[in-house]
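Colleague: Sharing final_25.cif (mmCIF, C-alpha atoms) below.
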data_start
#
loop_
_atom_site.group_PDB
_atom_site.id
_atom_site.type_symbol
_atom_site.label_atom_id
_atom_site.label_comp_id
_atom_site.auth_asym_id
_atom_site.auth_seq_id
_atom_site.Cartn_x
_atom_site.Cartn_y
_atom_site.Cartn_z
ATOM 1 C CA MET A 32 21.364 22.353 -23.889
ATOM 2 C CA ALA A 33 23.499 22.662 -20.788
ATOM 3 C CA THR A 34 20.621 24.316 -18.914
ATOM 4 C CA THR A 35 18.175 21.624 -20.056
ATOM 5 C CA ASP A 36 20.551 18.884 -18.956
ATOM 6 C CA ARG A 37 21.286 20.521 -15.636
ATOM 7 C CA TYR A 38 17.639 20.795 -14.520
ATOM 8 C CA PRO A 39 16.912 17.045 -14.436
ATOM 9 C CA ARG A 40 20.137 16.440 -12.539
ATOM 10 C CA GLN A 41 19.200 19.073 -9.961
ATOM 11 C CA ALA A 42 15.642 17.703 -9.687
ATOM 12 C CA THR A 43 16.948 14.163 -9.249
ATOM 13 C CA THR A 44 19.455 15.259 -6.620
ATOM 14 C CA LEU A 45 16.729 17.076 -4.707
ATOM 15 C CA ALA A 46 14.345 14.114 -4.987
ATOM 16 C CA LEU A 47 17.058 11.783 -3.709
ATOM 17 C CA ALA A 48 17.695 14.068 -0.729
ATOM 18 C CA HIS A 49 13.989 14.079 0.154
ATOM 19 C CA ALA A 50 13.803 10.301 -0.308
ATOM 20 C CA LEU A 51 16.762 9.709 2.007
ATOM 21 C CA SER A 52 15.190 11.999 4.595
ATOM 22 C CA ALA A 53 11.939 9.986 4.413
ATOM 23 C CA ALA A 54 13.901 6.747 4.760
ATOM 24 C CA GLU A 55 15.448 8.054 7.988
ATOM 25 C CA ARG A 56 11.879 8.181 9.347
ATOM 26 C CA GLY A 57 11.334 4.517 8.478
ATOM 27 C CA LEU A 58 9.489 5.130 5.189
ATOM 28 C CA ALA A 59 10.443 2.843 2.284
ATOM 29 C CA VAL A 60 10.867 4.765 -0.980
ATOM 30 C CA ILE A 61 11.265 4.352 -4.746
ATOM 31 C CA PRO A 62 12.174 6.889 -7.460
ATOM 32 C CA LEU A 63 9.308 8.330 -9.524
ATOM 33 C CA SER A 64 9.231 10.026 -12.904
ATOM 34 C CA ARG A 65 7.488 13.311 -13.673
ATOM 35 C CA THR A 66 4.338 11.303 -14.457
ATOM 36 C CA LYS A 67 4.216 10.028 -10.841
ATOM 37 C CA LEU A 68 4.891 6.487 -12.053
ATOM 38 C CA PRO A 69 7.853 4.344 -10.911
ATOM 39 C CA ALA A 70 10.889 5.627 -12.774
ATOM 40 C CA LEU A 71 12.338 2.191 -13.493
ATOM 41 C CA ARG A 72 10.666 -0.067 -16.048
ATOM 42 C CA SER A 73 10.154 -3.760 -15.427
ATOM 43 C CA PRO A 74 13.144 -5.937 -16.364
ATOM 44 C CA HIS A 75 10.600 -8.485 -17.620
ATOM 45 C CA ARG A 76 8.877 -6.160 -20.093
ATOM 46 C CA ASP A 77 10.513 -7.705 -23.170
ATOM 47 C CA THR A 78 10.532 -11.319 -22.048
ATOM 48 C CA PRO A 79 7.660 -13.346 -20.624
ATOM 49 C CA GLU A 80 7.996 -14.208 -16.966
ATOM 50 C CA PRO A 81 8.203 -17.899 -16.099
ATOM 51 C CA ALA A 82 5.022 -19.673 -15.070
ATOM 52 C CA GLY A 83 4.005 -19.121 -11.472
ATOM 53 C CA PRO A 84 3.582 -16.060 -9.268
ATOM 54 C CA PRO A 85 4.793 -12.762 -10.799
ATOM 55 C CA CYS A 86 8.282 -11.637 -9.896
ATOM 56 C CA HIS A 87 8.364 -9.039 -7.142
ATOM 57 C CA GLY A 88 12.104 -8.553 -7.169
ATOM 58 C CA GLU A 89 13.235 -12.119 -6.548
ATOM 59 C CA CYS A 90 15.253 -11.862 -9.773
ATOM 60 C CA GLY A 91 17.536 -9.361 -8.038
ATOM 61 C CA ARG A 92 17.029 -6.562 -10.578
ATOM 62 C CA PHE A 93 15.369 -3.154 -10.199
ATOM 63 C CA GLY A 94 12.091 -2.310 -11.894
ATOM 64 C CA HIS A 95 9.413 -3.990 -9.789
ATOM 65 C CA GLY A 96 7.632 -0.817 -8.755
ATOM 66 C CA VAL A 97 6.681 -0.574 -5.106
ATOM 67 C CA TYR A 98 8.414 -3.897 -4.425
ATOM 68 C CA ASP A 99 11.749 -2.093 -4.949
ATOM 69 C CA ALA A 100 10.972 0.236 -2.032
ATOM 70 C CA SER A 101 13.628 0.391 0.657
ATOM 71 C CA THR A 102 14.816 2.342 3.687
ATOM 72 C CA ASP A 103 18.446 1.358 3.086
ATOM 73 C CA PRO A 104 20.402 4.472 1.987
ATOM 74 C CA ALA A 105 22.794 2.469 -0.221
ATOM 75 C CA ARG A 106 19.928 0.772 -2.053
ATOM 76 C CA ILE A 107 18.045 4.051 -2.428
ATOM 77 C CA ARG A 108 21.108 5.715 -3.962
ATOM 78 C CA ALA A 109 21.479 2.756 -6.324
ATOM 79 C CA LEU A 110 17.822 3.046 -7.364
ATOM 80 C CA PHE A 111 18.195 6.742 -8.151
ATOM 81 C CA ALA A 112 21.495 6.142 -9.924
ATOM 82 C CA ALA A 113 19.648 3.686 -12.188
ATOM 83 C CA ALA A 114 16.966 6.330 -12.840
ATOM 84 C CA PRO A 115 18.782 9.657 -13.398
ATOM 85 C CA TRP A 116 15.573 11.088 -14.913
ATOM 86 C CA ALA A 117 13.625 10.673 -11.647
ATOM 87 C CA THR A 118 12.219 13.926 -10.258
ATOM 88 C CA GLY A 119 10.286 12.538 -7.304
ATOM 89 C CA TYR A 120 9.896 9.622 -4.985
ATOM 90 C CA GLY A 121 7.111 7.350 -3.852
ATOM 91 C CA ILE A 122 6.522 6.129 -0.300
ATOM 92 C CA ALA A 123 5.348 2.524 -0.073
ATOM 93 C CA CYS A 124 2.229 1.963 2.012
ATOM 94 C CA GLY A 125 1.473 -0.966 4.281
ATOM 95 C CA LEU A 126 5.077 -1.727 5.228
ATOM 96 C CA PRO A 127 6.559 -1.824 8.752
ATOM 97 C CA PRO A 128 7.189 0.035 10.947
ATOM 98 C CA HIS A 129 4.442 2.546 10.086
ATOM 99 C CA HIS A 130 2.082 0.391 7.955
ATOM 100 C CA LEU A 131 1.186 3.619 6.198
ATOM 101 C CA ILE A 132 -2.352 4.247 4.916
ATOM 102 C CA GLY A 133 -2.894 7.176 2.565
ATOM 103 C CA VAL A 134 -6.257 8.939 2.346
ATOM 104 C CA ASP A 135 -6.249 10.831 -0.965
ATOM 105 C CA LEU A 136 -8.791 13.661 -1.021
ATOM 106 C CA ASP A 137 -9.192 14.482 -4.705
ATOM 107 C CA THR A 138 -10.380 17.783 -6.135
ATOM 108 C CA LYS A 139 -11.091 16.556 -9.663
ATOM 109 C CA SER A 140 -14.449 14.931 -8.908
ATOM 110 C CA ASP A 141 -17.763 16.765 -8.768
ATOM 111 C CA THR A 142 -18.121 15.791 -5.102
ATOM 112 C CA ASP A 143 -16.390 17.714 -2.306
ATOM 113 C CA SER A 144 -14.144 14.970 -0.949
ATOM 114 C CA THR A 145 -13.373 16.904 2.231
ATOM 115 C CA ALA A 146 -17.090 17.257 2.969
ATOM 116 C CA ALA A 147 -17.586 13.572 2.153
ATOM 117 C CA LEU A 148 -14.915 12.580 4.681
ATOM 118 C CA ARG A 149 -16.458 14.895 7.268
ATOM 119 C CA GLU A 150 -19.872 13.287 6.697
ATOM 120 C CA LEU A 151 -18.367 9.820 7.111
ATOM 121 C CA ALA A 152 -16.707 10.916 10.342
ATOM 122 C CA LEU A 153 -19.995 12.192 11.735
ATOM 123 C CA ARG A 154 -21.914 9.101 10.678
ATOM 124 C CA HIS A 155 -19.368 6.606 12.020
ATOM 125 C CA LEU A 156 -18.225 8.619 15.031
ATOM 126 C CA PHE A 157 -14.526 9.116 14.340
ATOM 127 C CA THR A 158 -12.200 12.080 14.046
ATOM 128 C CA ILE A 159 -9.000 12.392 12.048
ATOM 129 C CA PRO A 160 -6.205 13.083 14.547
ATOM 130 C CA PRO A 161 -3.442 15.598 13.798
ATOM 131 C CA THR A 162 -1.194 13.934 11.253
ATOM 132 C CA VAL A 163 1.044 14.546 8.244
ATOM 133 C CA VAL A 164 -0.825 16.216 5.375
ATOM 134 C CA VAL A 165 0.692 16.547 1.904
ATOM 135 C CA LEU A 166 -0.683 19.111 -0.553
ATOM 136 C CA THR A 167 -0.871 18.047 -4.204
ATOM 137 C CA PRO A 168 -0.325 20.343 -7.199
ATOM 138 C CA SER A 169 -4.013 19.968 -8.171
ATOM 139 C CA GLY A 170 -5.196 21.256 -4.791
ATOM 140 C CA GLY A 171 -5.897 17.874 -3.225
ATOM 141 C CA ARG A 172 -4.586 16.519 0.051
ATOM 142 C CA HIS A 173 -3.000 13.272 1.198
ATOM 143 C CA LEU A 174 -3.613 12.348 4.834
ATOM 144 C CA TRP A 175 -1.043 9.965 6.295
ATOM 145 C CA LEU A 176 -2.326 7.431 8.835
ATOM 146 C CA THR A 177 -0.922 4.220 10.261
ATOM 147 C CA GLY A 178 -2.585 0.840 10.602
ATOM 148 C CA PRO A 179 -2.123 -2.208 12.833
ATOM 149 C CA PRO A 180 0.630 -4.597 11.718
ATOM 150 C CA ASP A 181 -1.798 -7.506 11.291
ATOM 151 C CA VAL A 182 -4.340 -5.689 9.094
ATOM 152 C CA VAL A 183 -3.996 -5.390 5.311
ATOM 153 C CA VAL A 184 -5.726 -2.309 3.905
ATOM 154 C CA PRO A 185 -6.200 -2.641 0.123
ATOM 155 C CA ASN A 186 -5.999 0.160 -2.418
ATOM 156 C CA SER A 187 -9.335 1.556 -3.546
ATOM 157 C CA ALA A 188 -10.653 4.409 -5.675
ATOM 158 C CA GLY A 189 -13.930 6.038 -4.737
ATOM 159 C CA ARG A 190 -15.201 3.050 -2.764
ATOM 160 C CA LEU A 191 -15.180 4.878 0.574
ATOM 161 C CA ALA A 192 -16.836 7.934 -0.986
ATOM 162 C CA PRO A 193 -16.630 9.764 -4.333
ATOM 163 C CA GLY A 194 -13.349 11.634 -4.595
ATOM 164 C CA ILE A 195 -11.658 9.670 -1.814
ATOM 165 C CA ASP A 196 -8.984 7.172 -2.836
ATOM 166 C CA ILE A 197 -7.117 4.919 -0.436
ATOM 167 C CA ARG A 198 -3.476 3.896 -0.772
ATOM 168 C CA GLY A 199 -2.763 0.698 1.138
ATOM 169 C CA ALA A 200 -0.688 -2.448 0.764
ATOM 170 C CA GLY A 201 0.934 -2.569 -2.668
ATOM 171 C CA GLY A 202 0.348 1.141 -3.239
ATOM 172 C CA TYR A 203 2.421 4.262 -2.736
ATOM 173 C CA LEU A 204 2.089 7.977 -2.042
ATOM 174 C CA VAL A 205 4.008 10.689 -3.867
ATOM 175 C CA GLY A 206 6.415 12.084 -1.296
ATOM 176 C CA PRO A 207 6.580 15.773 -0.383
ATOM 177 C CA GLY A 208 9.277 17.571 -2.334
ATOM 178 C CA SER A 209 8.584 15.531 -5.468
ATOM 179 C CA ARG A 210 8.382 17.506 -8.703
ATOM 180 C CA THR A 211 5.891 16.218 -11.286
ATOM 181 C CA ALA A 212 4.619 17.432 -14.646
ATOM 182 C CA HIS A 213 1.847 19.315 -12.809
ATOM 183 C CA GLY A 214 3.858 20.839 -9.993
ATOM 184 C CA VAL A 215 5.472 20.119 -6.639
ATOM 185 C CA TYR A 216 4.077 18.117 -3.710
ATOM 186 C CA ALA A 217 4.560 19.871 -0.369
ATOM 187 C CA THR A 218 3.863 19.165 3.285
ATOM 188 C CA ALA A 219 1.007 21.301 4.625
ATOM 189 C CA PRO A 220 2.135 24.040 7.022
ATOM 190 C CA GLY A 221 2.230 22.876 10.613
ATOM 191 C CA THR A 222 2.292 19.135 9.815
ATOM 192 C CA ALA A 223 5.875 18.466 8.734
ATOM 193 C CA HIS A 224 6.992 17.794 12.316
ATOM 194 C CA LEU A 225 4.187 15.305 12.982
ATOM 195 C CA THR A 226 4.367 11.543 12.726
ATOM 196 C CA PRO A 227 1.586 9.648 10.925
ATOM 197 C CA ALA A 228 -1.296 9.194 13.370
ATOM 198 C CA PRO A 229 -3.063 5.876 14.025
ATOM 199 C CA CYS A 230 -6.089 5.331 11.812
ATOM 200 C CA PRO A 231 -9.313 5.550 13.857
ATOM 201 C CA ARG A 232 -10.756 2.091 14.378
ATOM 202 C CA SER A 233 -14.141 2.981 12.867
ATOM 203 C CA LEU A 234 -12.462 4.354 9.751
ATOM 204 C CA LEU A 235 -10.165 1.337 9.527
ATOM 205 C CA ARG A 236 -13.174 -0.977 9.330
ATOM 206 C CA LEU A 237 -14.606 1.105 6.494
ATOM 207 C CA LEU A 238 -11.330 0.783 4.557
ATOM 208 C CA LEU A 239 -11.502 -3.002 4.484
ATOM 209 C CA PRO A 240 -13.436 -4.530 1.563
ATOM 210 C CA PRO A 241 -17.020 -5.593 2.329
ATOM 211 C CA PRO A 242 -17.634 -9.314 2.791
ATOM 212 C CA ARG A 243 -18.352 -11.169 -0.417
ATOM 213 C CA SER A 244 -21.805 -12.692 -0.681
ATOM 214 C CA SER A 245 -21.692 -16.436 -0.270
ATOM 215 C CA ARG A 246 -23.590 -18.335 -2.933
ATOM 216 C CA PRO A 247 -25.569 -21.397 -1.833
ATOM 217 C CA GLY A 248 -24.508 -24.514 -3.598
ATOM 218 C CA LEU A 249 -21.178 -23.097 -4.680
ATOM 219 C CA GLY A 250 -19.744 -26.607 -4.732
ATOM 220 C CA SER A 251 -16.486 -27.994 -3.505
ATOM 221 C CA ALA A 252 -14.785 -27.673 -6.886
ATOM 222 C CA ALA A 253 -15.253 -23.888 -7.135
ATOM 223 C CA GLY A 254 -14.579 -23.439 -3.435
ATOM 224 C CA GLY A 255 -11.494 -25.600 -3.764
ATOM 225 C CA ALA A 256 -10.206 -23.538 -6.679
ATOM 226 C CA HIS A 257 -10.718 -20.329 -4.729
ATOM 227 C CA GLY A 258 -9.025 -21.830 -1.684
ATOM 228 C CA ARG A 259 -6.062 -22.957 -3.781
ATOM 229 C CA GLY A 260 -5.752 -19.429 -5.147
ATOM 230 C CA LEU A 261 -5.576 -18.006 -1.630
ATOM 231 C CA VAL A 262 -2.965 -20.574 -0.631
ATOM 232 C CA GLN A 263 -0.883 -19.705 -3.717
ATOM 233 C CA PHE A 264 -1.155 -16.025 -2.799
ATOM 234 C CA VAL A 265 0.416 -16.798 0.573
ATOM 235 C CA LEU A 266 3.104 -18.996 -0.964
ATOM 236 C CA ALA A 267 4.138 -16.155 -3.287
ATOM 237 C CA ALA A 268 5.016 -13.878 -0.353
ATOM 238 C CA HIS A 269 8.609 -12.818 0.178
ATOM 239 C CA GLU A 270 10.237 -11.434 3.311
ATOM 240 C CA GLY A 271 8.359 -8.390 4.567
ATOM 241 C CA GLN A 272 5.050 -9.538 3.034
ATOM 242 C CA ARG A 273 4.466 -12.914 4.640
ATOM 243 C CA ASN A 274 2.276 -11.834 7.534
ATOM 244 C CA THR A 275 0.286 -9.254 5.564
ATOM 245 C CA ARG A 276 -0.407 -11.673 2.711
ATOM 246 C CA LEU A 277 -1.487 -14.382 5.143
ATOM 247 C CA PHE A 278 -3.837 -11.968 6.927
ATOM 248 C CA TRP A 279 -5.361 -10.815 3.629
ATOM 249 C CA ALA A 280 -5.887 -14.394 2.410
ATOM 250 C CA ALA A 281 -7.389 -15.461 5.746
ATOM 251 C CA CYS A 282 -9.804 -12.513 5.681
ATOM 252 C CA ARG A 283 -10.979 -13.475 2.205
ATOM 253 C CA ALA A 284 -11.362 -17.106 3.285
ATOM 254 C CA TYR A 285 -13.515 -16.208 6.294
ATOM 255 C CA GLU A 286 -15.568 -13.750 4.263
ATOM 256 C CA ASP A 287 -16.322 -16.531 1.775
ATOM 257 C CA GLY A 288 -17.199 -19.046 4.462
ATOM 258 C CA ILE A 289 -14.215 -21.348 3.901
ATOM 259 C CA GLY A 290 -11.978 -20.028 6.695
ATOM 260 C CA PRO A 291 -12.149 -23.003 9.068
ATOM 261 C CA GLU A 292 -11.603 -25.616 6.360
ATOM 262 C CA LEU A 293 -8.735 -23.651 4.794
ATOM 263 C CA THR A 294 -6.906 -22.845 8.025
ATOM 264 C CA GLU A 295 -4.496 -25.779 7.981
ATOM 265 C CA ASP A 296 -3.570 -25.217 4.333
ATOM 266 C CA LEU A 297 -2.923 -21.533 5.051
ATOM 267 C CA VAL A 298 -0.804 -22.413 8.074
ATOM 268 C CA ASP A 299 1.227 -24.894 6.014
ATOM 269 C CA ALA A 300 1.739 -22.297 3.261
ATOM 270 C CA ALA A 301 2.806 -19.639 5.774
ATOM 271 C CA VAL A 302 5.295 -22.011 7.402
ATOM 272 C CA ARG A 303 6.814 -22.710 3.984
ATOM 273 C CA THR A 304 7.401 -18.961 3.517
ATOM 274 C CA GLY A 305 9.226 -18.697 6.838
ATOM 275 C CA LEU A 306 6.607 -17.956 9.501
ATOM 276 C CA THR A 307 6.223 -20.243 12.492
ATOM 277 C CA ALA A 308 3.011 -22.213 12.910
ATOM 278 C CA ARG A 309 2.254 -20.197 16.034
ATOM 279 C CA GLU A 310 2.667 -16.901 14.203
ATOM 280 C CA ALA A 311 0.507 -18.136 11.342
ATOM 281 C CA ARG A 312 -2.302 -19.299 13.616
ATOM 282 C CA GLY A 313 -2.219 -16.000 15.492
ATOM 283 C CA THR A 314 -2.563 -14.047 12.248
ATOM 284 C CA ILE A 315 -5.428 -16.259 11.046
ATOM 285 C CA THR A 316 -7.182 -15.845 14.392
ATOM 286 C CA SER A 317 -6.864 -12.051 14.033
ATOM 287 C CA ALA A 318 -8.374 -12.274 10.541
ATOM 288 C CA ALA A 319 -11.291 -14.348 11.819
ATOM 289 C CA ARG A 320 -11.901 -11.839 14.605
ATOM 290 C CA MET A 321 -11.692 -8.852 12.251
ATOM 291 C CA THR A 322 -14.136 -10.255 9.684
ATOM 292 C CA ALA A 323 -16.548 -11.345 12.424
ATOM 293 C CA HIS A 324 -16.827 -7.766 13.704
ATOM 294 C CA ARG A 325 -17.192 -5.939 10.417
ATOM 295 C CA PRO A 326 -20.000 -3.378 10.297
ATOM 296 C CA GLU A 327 -22.893 -4.201 7.998
ATOM 297 C CA PRO A 328 -22.343 -2.731 4.490
#
Please, can you express the file's structure as structure tokens?

Modeller:
Amino acid sequence: MATTDRYPRQATTLALAHALSAAERGLAVIPLSRTKLPALRSPHRDTPEPAGPPCHGECGRFGHGVYDASTDPARIRALFAAAPWATGYGIACGLPPHHLIGVDLDTKSDTDSTAALRELALRHLFTIPPTVVVLTPSGGRHLWLTGPPDVVVPNSAGRLAPGIDIRGAGGYLVGPGSRTAHGVYATAPGTAHLTPAPCPRSLLRLLLPPPRSSRPGLGSAAGGAHGRGLVQFVLAAHEGQRNTRLFWAACRAYEDGIGPELTEDLVDAAVRTGLTAREARGTITSAARMTAHRPEP
């Protein structure tokens, strides 16, 4: 029994050391269990949350998944102390200063994901620069890239190409040194000293969701309901998310053809979360520019 008890403690200690090292590089982390899921369960699991936007940690307790992620050593130690069974750590994507984007090349699908990425690169004229590469226990690879601060890259599975998953805002990558039920994640030889490289612009455009088709005669009621949903999405932002949520909502608004009429409401919502009107308008302008120059799907 002593040996069985000692192993989790050693694994947790090692995971904490790796997590603190990642935090020193500006990467926000959370503890993970052997299943690669956040180690801490939601504090709201047994009681219904109050009406309104879901809690992302405003209650002050741990257990909100990637929203618990931090670079503060004291908070990280507290997270791991609350999860002594953790054997790994997750790195939150989309957060400053790196605005990390993870390209997950899977080996479980029938398609060669590496060949699929190479074909995309040839077709869209981009190359993956030297960057951090993490090897997974299943033989896959995670490529670490960085994005612009005013662009929100969503999570996706297989949308870019079969076998290629994307980890963006609201997602996380399993950090190197993590021990899971299937093995250990490790940095690929020759990449540990690198910093995440900027995502090529052509690839970045492919990572953004395609514009939604506008339906003639949608009607002001349905458009109004959609617009109100986007405004509520912005209002639900907390510190560290305000600009990214506003950019995401503005992109959706312009894709759906309601960007100009929703601008003032989005600005008002952003100001209520703590942004200045000037910052909000700049972000919305960036969203309008980005959606206007999307490649055809």

Colleague: Please provide the set of residues having any atom within 12 Å of segment 142-156 of chain A, restricted to all atoms listed in the file, with same-chain residues fewer than 2 positions apart removed, written as a PyMOL selection string.

Modeller: chain A and resi 134-140+158-160+170-174+189-196+231-238+326

Colleague: With distances taken over only C-alpha atoms, which of A:Lys67, A:Arg72, A:His95, A:Arg56 is nearest to Pro127 of chain A?

Modeller: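 Selected residue with least distance to Pro127 of chain A: A:Arg56.
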
Colleague: Find the distance between atom CA of Pro85 of chain A and atom CA of Gly202 of chain A and write it in Å to one decimal.

Modeller: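 Taking atom CA of Pro85 of chain A and atom CA of Gly202 of chain A, their separation equals 16.4 Å.
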
Colleague: Given the file shown, determine the residues that the PyMOL selection byres ((chain A and resi 239) around 10) selects; report them as a PDB file with C-alpha atoms, in the coordinates of the input.

Modeller:
ATOM      1  CA  VAL A 182      -4.340  -5.689   9.094  1.00  0.00           C
ATOM      2  CA  VAL A 183      -3.996  -5.390   5.311  1.00  0.00           C
ATOM      3  CA  VAL A 184      -5.726  -2.309   3.905  1.00  0.00           C
ATOM      4  CA  PRO A 185      -6.200  -2.641   0.123  1.00  0.00           C
ATOM      5  CA  ASN A 186      -5.999   0.160  -2.418  1.00  0.00           C
ATOM      6  CA  SER A 187      -9.335   1.556  -3.546  1.00  0.00           C
ATOM      7  CA  LEU A 191     -15.180   4.878   0.574  1.00  0.00           C
ATOM      8  CA  LEU A 234     -12.462   4.354   9.751  1.00  0.00           C
ATOM      9  CA  LEU A 235     -10.165   1.337   9.527  1.00  0.00           C
ATOM     10  CA  ARG A 236     -13.174  -0.977   9.330  1.00  0.00           C
ATOM     11  CA  LEU A 237     -14.606   1.105   6.494  1.00  0.00           C
ATOM     12  CA  LEU A 238     -11.330   0.783   4.557  1.00  0.00           C
ATOM     13  CA  PRO A 240     -13.436  -4.530   1.563  1.00  0.00           C
ATOM     14  CA  PRO A 241     -17.020  -5.593   2.329  1.00  0.00           C
ATOM     15  CA  PRO A 242     -17.634  -9.314   2.791  1.00  0.00           C
ATOM     16  CA  TRP A 279      -5.361 -10.815   3.629  1.00  0.00           C
ATOM     17  CA  CYS A 282      -9.804 -12.513   5.681  1.00  0.00           C
ATOM     18  CA  MET A 321     -11.692  -8.852  12.251  1.00  0.00           C
ATOM     19  CA  THR A 322     -14.136 -10.255   9.684  1.00  0.00           C
ATOM     20  CA  ARG A 325     -17.192  -5.939  10.417  1.00  0.00           C
TER      21      ARG A 325
END

Colleague: For this file, the PyMOL selection byres ((chain A and resi 301) around 9) selects which residues, as a ChimeraX atom specification?

Modeller: /A:262,265-266,268,273-274,277,296-300,302-308,310-311

Colleague: Dump C-alpha atoms for the selected residues as a tab-separated table (two decimals), in the coordinates of the input?

Modeller:
chain	number	residue	atom	x	y	z
A	262	VAL	CA	-2.96	-20.57	-0.63
A	265	VAL	CA	0.42	-16.80	0.57
A	266	LEU	CA	3.10	-19.00	-0.96
A	268	ALA	CA	5.02	-13.88	-0.35
A	273	ARG	CA	4.47	-12.91	4.64
A	274	ASN	CA	2.28	-11.83	7.53
A	277	LEU	CA	-1.49	-14.38	5.14
A	296	ASP	CA	-3.57	-25.22	4.33
A	297	LEU	CA	-2.92	-21.53	5.05
A	298	VAL	CA	-0.80	-22.41	8.07
A	299	ASP	CA	1.23	-24.89	6.01
A	300	ALA	CA	1.74	-22.30	3.26
A	302	VAL	CA	5.30	-22.01	7.40
A	303	ARG	CA	6.81	-22.71	3.98
A	304	THR	CA	7.40	-18.96	3.52
A	305	GLY	CA	9.23	-18.70	6.84
A	306	LEU	CA	6.61	-17.96	9.50
A	307	THR	CA	6.22	-20.24	12.49
A	308	ALA	CA	3.01	-22.21	12.91
A	310	GLU	CA	2.67	-16.90	14.20
A	311	ALA	CA	0.51	-18.14	11.34

Colleague: Applied to this file, what does the PyMOL selection byres ((chain A and resi 107) around 9) return in terms of residues, put as a list in words?

Modeller: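 Taken over the shown coordinates, the PyMOL selection byres ((chain A and resi 107) around 9) returns Leu47, Ala50, Leu51, Ala54, Val60, Ile61, Pro62, Ala100, Ser101, Thr102, Asp103, Pro104, Ala105, Arg106, Arg108, Ala109, Leu110, Phe111 and Ala112 of chain A.
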